[in-house]
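**Student:** Attaching a single structure in structure tokens format; questions to follow.
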Amino acid sequence: MSVALQREAIDVAAEYAQLIGDSPGAAVATFTGYVRDHSDQHAVTELELEHYPEMALKVLEDLGRSAGERFGLSSWRIAHRYGRLAVGETIVWVGAVANHRGEAISACELIMDTLKTDAPFWKREQGSAGERWVASRDKDAQRRARWQSEETP
Amino acid sequence: MSVALQREAIDVAAEYAQLIGDSPGAAVATFTGYVRDHSDQHAVTELELEHYPEMALKVLEDLGRSAGERFGLSSWRIAHRYGRLAVGETIVWVGAVANHRGEAISACELIMDTLKTDAPFWKREQGSAGERWVASRDKDAQRRARWQSEETP
Amino acid sequence: MASGSVSITIKLFSALREALGESEFQLNLADVSEASSQVDVAAIKKLLSQRGADWKEALNQPNLVHALNHKVVFVDAVVSEGDELAFFPPMTGG
Amino acid sequence: MASGSVSITIKLFSALREALGESEFQLNLADVSEASSQVDVAAIKKLLSQRGADWKEALNQPNLVHALNHKVVFVDAVVSEGDELAFFPPMTGG
């Protein structure tokens, strides 16, 4: 039931172990995002993640709490990087524990879809196209919107 | 891109490390199922998982391959236990690697939903209600059916 | 014409295996009706149901699943020499 | 009546921060129109747009996001003493 904003890489195995603790629920879903080596058509060599610390913490805590209530999670965790990231490094890790698989998986997906459009992080890429701020994607806004209308699966 | 049927507990951290290898894709989704301490209204102390080995291997390999094609996975893994399982132990682990989060998460969900109804495993519970075979759930068949009609998310 | 030499493997799982006390055996199809040119799963069920009331009941439960050579099939699937035919209740893994 | 003593913190992020060369500063609202009893985000945008063409352009881009005290708001949100008001482009985390 917590959020981490961190400069260092995310230790996925340690996060998982901490999420489930001594008595895991029946269903655990996780998602990990990594820095890609490409963006649209060009190569990416490095990513800089700017963030708004106080707001990021508040948005992610609210998001975890509301996903927890909606899907009856017994535990959840959101870890997000900031700063300079190399290709292949972790950006974000989300874990959700529930009684049934549908709830755990949907909670992970809701958190990721909402985080993409609502959490104050901005990606700046370095690569074959020089340096540039990553533009937001219409598809992300569409995925976000699904959760406002859709019934709980 | 492989299936494991095993008597011993699933090492989630080792499975994850092997799934992503040296160069992870951009998006990794995982699901882990654990033995619950209850079923319907009564307590469960132990589970015995019977399986049909040759068919289970074939069904899970076909399932991984078809999810891989449908969602463009760069890697996937399904590990499933059999034999005697204590409460809190792992039953099943699924991992999927894709370019985008929606594909990785949907692949995990498709694999789990299909596995529940199509893979030849049968749960026998021991607990406060004595020993009994677990009955299949209508809800599982409904979740399975979604994937036959739904467009790829 | 059904050949008298056809032999298949029958496998039973879960509650079926437990109720009938057998998990695997060979079945010789010599005595399946010679009027039909092909033997299907329905014919095998009929044949095995003659083994007794417990077999008849177990093999005629509405949600029985049949898998021929590791693939779920309907009762009209045709059975051939060397095939493996399994009967079991709905699956409950995962 | 707008009070001359109202002071808020302005924060800029990402391409906005870069284009305007500032990330954080205090803004005194003494000179906001005294005709309105309340100062809203739209009024702050108007005030800051007077700082130059680059400010005007940056603060009037169609997809600008405004967050008041760490929460995304519309331009009619009312700003009070001690508030933190941030401007930034659409978010691209995760």
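Identifiers for the structure tokens are assigned positionally: chains receive A, B, ... in sequence, residues are indexed from 1 per chain, and ligands are indexed from 1 in the order shown.
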Considering only C-alpha atoms, extract the chain B residues located within 9 Å of chain C and return them as a PyMOL selection string.
**Tutor:** chain B and resi 33-34+49-52+54-56+58-59+80-81+91-93+112-113+115-124+133-137
**Student:** Please produce an output containing C-alpha atoms for each residue in the selection, written as a short mmCIF file (atom, residue, chain, number, x, y, z; two decimals), in the first residue's frame.
**Tutor:**
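Generated file (again_19.cif):
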data_model
loop_
_atom_site.label_atom_id
_atom_site.label_comp_id
_atom_site.auth_asym_id
_atom_site.auth_seq_id
_atom_site.Cartn_x
_atom_site.Cartn_y
_atom_site.Cartn_z
CA GLY B 33 -1.69 -17.71 -8.47
CA TYR B 34 -1.39 -18.98 -4.89
CA LEU B 49 -3.54 -30.93 -8.17
CA GLU B 50 -4.11 -33.86 -10.50
CA HIS B 51 -3.10 -33.37 -14.12
CA TYR B 52 -2.94 -35.09 -17.50
CA GLU B 54 0.91 -34.88 -22.09
CA MET B 55 -2.29 -32.97 -22.74
CA ALA B 56 -1.46 -30.21 -20.23
CA LYS B 58 0.22 -29.48 -25.39
CA VAL B 59 -2.65 -27.20 -24.30
CA HIS B 80 2.10 -24.76 -13.56
CA ARG B 81 2.37 -26.97 -10.47
CA ILE B 91 0.10 -22.77 -8.26
CA VAL B 92 0.72 -20.98 -11.53
CA TRP B 93 2.96 -18.27 -12.96
CA MET B 112 -4.99 -17.26 -17.36
CA ASP B 113 -8.63 -17.18 -18.46
CA LEU B 115 -5.86 -22.04 -18.86
CA LYS B 116 -8.57 -22.18 -16.17
CA THR B 117 -11.08 -23.86 -18.47
CA ASP B 118 -8.90 -25.62 -21.08
CA ALA B 119 -5.84 -27.01 -19.33
CA PRO B 120 -6.33 -30.50 -17.82
CA PHE B 121 -5.76 -29.90 -14.12
CA TRP B 122 -8.17 -30.80 -11.33
CA LYS B 123 -8.05 -29.41 -7.81
CA ARG B 124 -8.86 -31.59 -4.80
CA TRP B 133 -13.03 -32.07 -5.87
CA VAL B 134 -13.31 -28.38 -6.68
CA ALA B 135 -16.23 -27.66 -9.02
CA SER B 136 -15.66 -25.60 -12.13
CA ARG B 137 -17.08 -22.08 -11.97
#
**Student:** Apply DSSP to the structure's backbone, then extract all residues of range 59-94 of chain C labelled strand (DSSP E) and return them as a PyMOL selection string.
**Tutor:** chain C and resi 65-68+71-73+84-88
**Student:** Using only C-alpha atoms, find which residues of chain A lie within 6 Å of chain B and jot them down as a ChimeraX atom specification.
**Tutor:** /A:13,26-34,36
**Student:** Which one is closest to Leu73 in chain A: A:Ala141, A:Ile10, A:Ala98, A:Met1? Count only C-alpha atoms.
**Tutor:**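 So, comparing all the options, the nearest one is A:Ala98.
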**Student:** List every residue of range 27-143 of chain A that DSSP, applied to the backbone of this structure, assigns to alpha helix (DSSP H), and report them as a CSV table (one decimal) with C-alpha atoms, in the first residue's frame.
**Tutor:**
chain,number,residue,atom,x,y,z
A,53,PRO,CA,7.7,15.4,-6.7
A,54,GLU,CA,5.0,16.5,-4.4
A,55,MET,CA,2.2,16.1,-7.0
A,56,ALA,CA,3.6,12.8,-8.3
A,57,LEU,CA,3.5,11.3,-4.8
A,58,LYS,CA,-0.1,12.6,-4.2
A,59,VAL,CA,-1.4,11.4,-7.6
A,60,LEU,CA,0.1,8.0,-7.3
A,61,GLU,CA,-1.1,7.5,-3.7
A,62,ASP,CA,-4.6,8.6,-4.6
A,63,LEU,CA,-4.5,6.2,-7.6
A,64,GLY,CA,-3.3,3.2,-5.6
A,65,ARG,CA,-5.9,3.9,-3.0
A,66,SER,CA,-8.8,4.2,-5.4
A,67,ALA,CA,-7.7,1.1,-7.4
A,68,GLY,CA,-7.4,-0.7,-4.0
A,69,GLU,CA,-11.0,0.2,-3.2
A,70,ARG,CA,-12.4,-0.5,-6.6
A,71,PHE,CA,-10.9,-4.0,-6.9
A,101,ARG,CA,-7.1,-12.9,-10.9
A,102,GLY,CA,-9.5,-10.5,-12.7
A,103,GLU,CA,-9.3,-8.0,-9.9
A,104,ALA,CA,-5.5,-8.1,-9.6
A,105,ILE,CA,-4.9,-7.8,-13.4
A,106,SER,CA,-7.5,-5.1,-13.9
A,107,ALA,CA,-6.1,-3.1,-11.0
A,108,CYS,CA,-2.6,-3.2,-12.6
A,109,GLU,CA,-4.0,-2.1,-15.9
A,110,LEU,CA,-6.1,0.7,-14.4
A,111,ILE,CA,-3.1,2.0,-12.4
A,112,MET,CA,-0.8,2.0,-15.5
A,113,ASP,CA,-3.4,3.6,-17.8
A,114,THR,CA,-4.2,6.4,-15.3
A,115,LEU,CA,-0.6,6.9,-14.3
A,116,LYS,CA,0.4,7.5,-18.0
A,117,THR,CA,-1.9,10.5,-18.3
A,118,ASP,CA,-2.3,11.8,-14.7
A,138,ASP,CA,-3.9,10.1,-28.0
A,139,LYS,CA,-4.1,6.3,-27.4
A,140,ASP,CA,-3.1,6.8,-23.8
A,141,ALA,CA,-5.9,9.3,-23.2
A,142,GLN,CA,-8.3,6.7,-24.8
A,143,ARG,CA,-7.1,3.9,-22.6
**Student:** Give me the residues within 12 Å of Glu57 in chain D as a ChimeraX atom specification, counting only C-alpha atoms and dropping any in the same chain fewer than 6 places off.
**Tutor:** /D:16,19-20,45-46,48-51,63-64
**Student:** Create the file for the chosen residues now, containing C-alpha atoms and written as a PDB file, in the first residue's frame.
**Tutor:**
ATOM      1  CA  LEU D  16       7.409  25.129 -20.396  1.00  0.00           C
ATOM      2  CA  ALA D  19      11.080  27.641 -22.945  1.00  0.00           C
ATOM      3  CA  LEU D  20      10.619  30.239 -20.198  1.00  0.00           C
ATOM      4  CA  LYS D  45      -2.412  33.205 -16.955  1.00  0.00           C
ATOM      5  CA  LYS D  46      -3.415  36.651 -18.215  1.00  0.00           C
ATOM      6  CA  LEU D  48       1.876  36.100 -16.617  1.00  0.00           C
ATOM      7  CA  SER D  49       1.202  36.499 -20.345  1.00  0.00           C
ATOM      8  CA  GLN D  50       2.089  40.177 -19.969  1.00  0.00           C
ATOM      9  CA  ARG D  51       5.694  39.138 -19.279  1.00  0.00           C
ATOM     10  CA  ASN D  63      -3.126  21.418 -24.192  1.00  0.00           C
ATOM     11  CA  LEU D  64      -1.617  23.316 -21.251  1.00  0.00           C
TER      12      LEU D  64
END
**Student:** Which polymer residues have any atom within 12 Å of an atom of Gly82 in chain D, counting only C-alpha atoms, with same-chain residues fewer than 4 positions away left out, as a list in words?
**Tutor:**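 Surrounding residues, per the criterion: Ser5, Val6, Ser7, Ile8, Thr9, Ile10, Gln26, Leu27, Asn28, Leu29, Leu68 and Asn69 of chain D.
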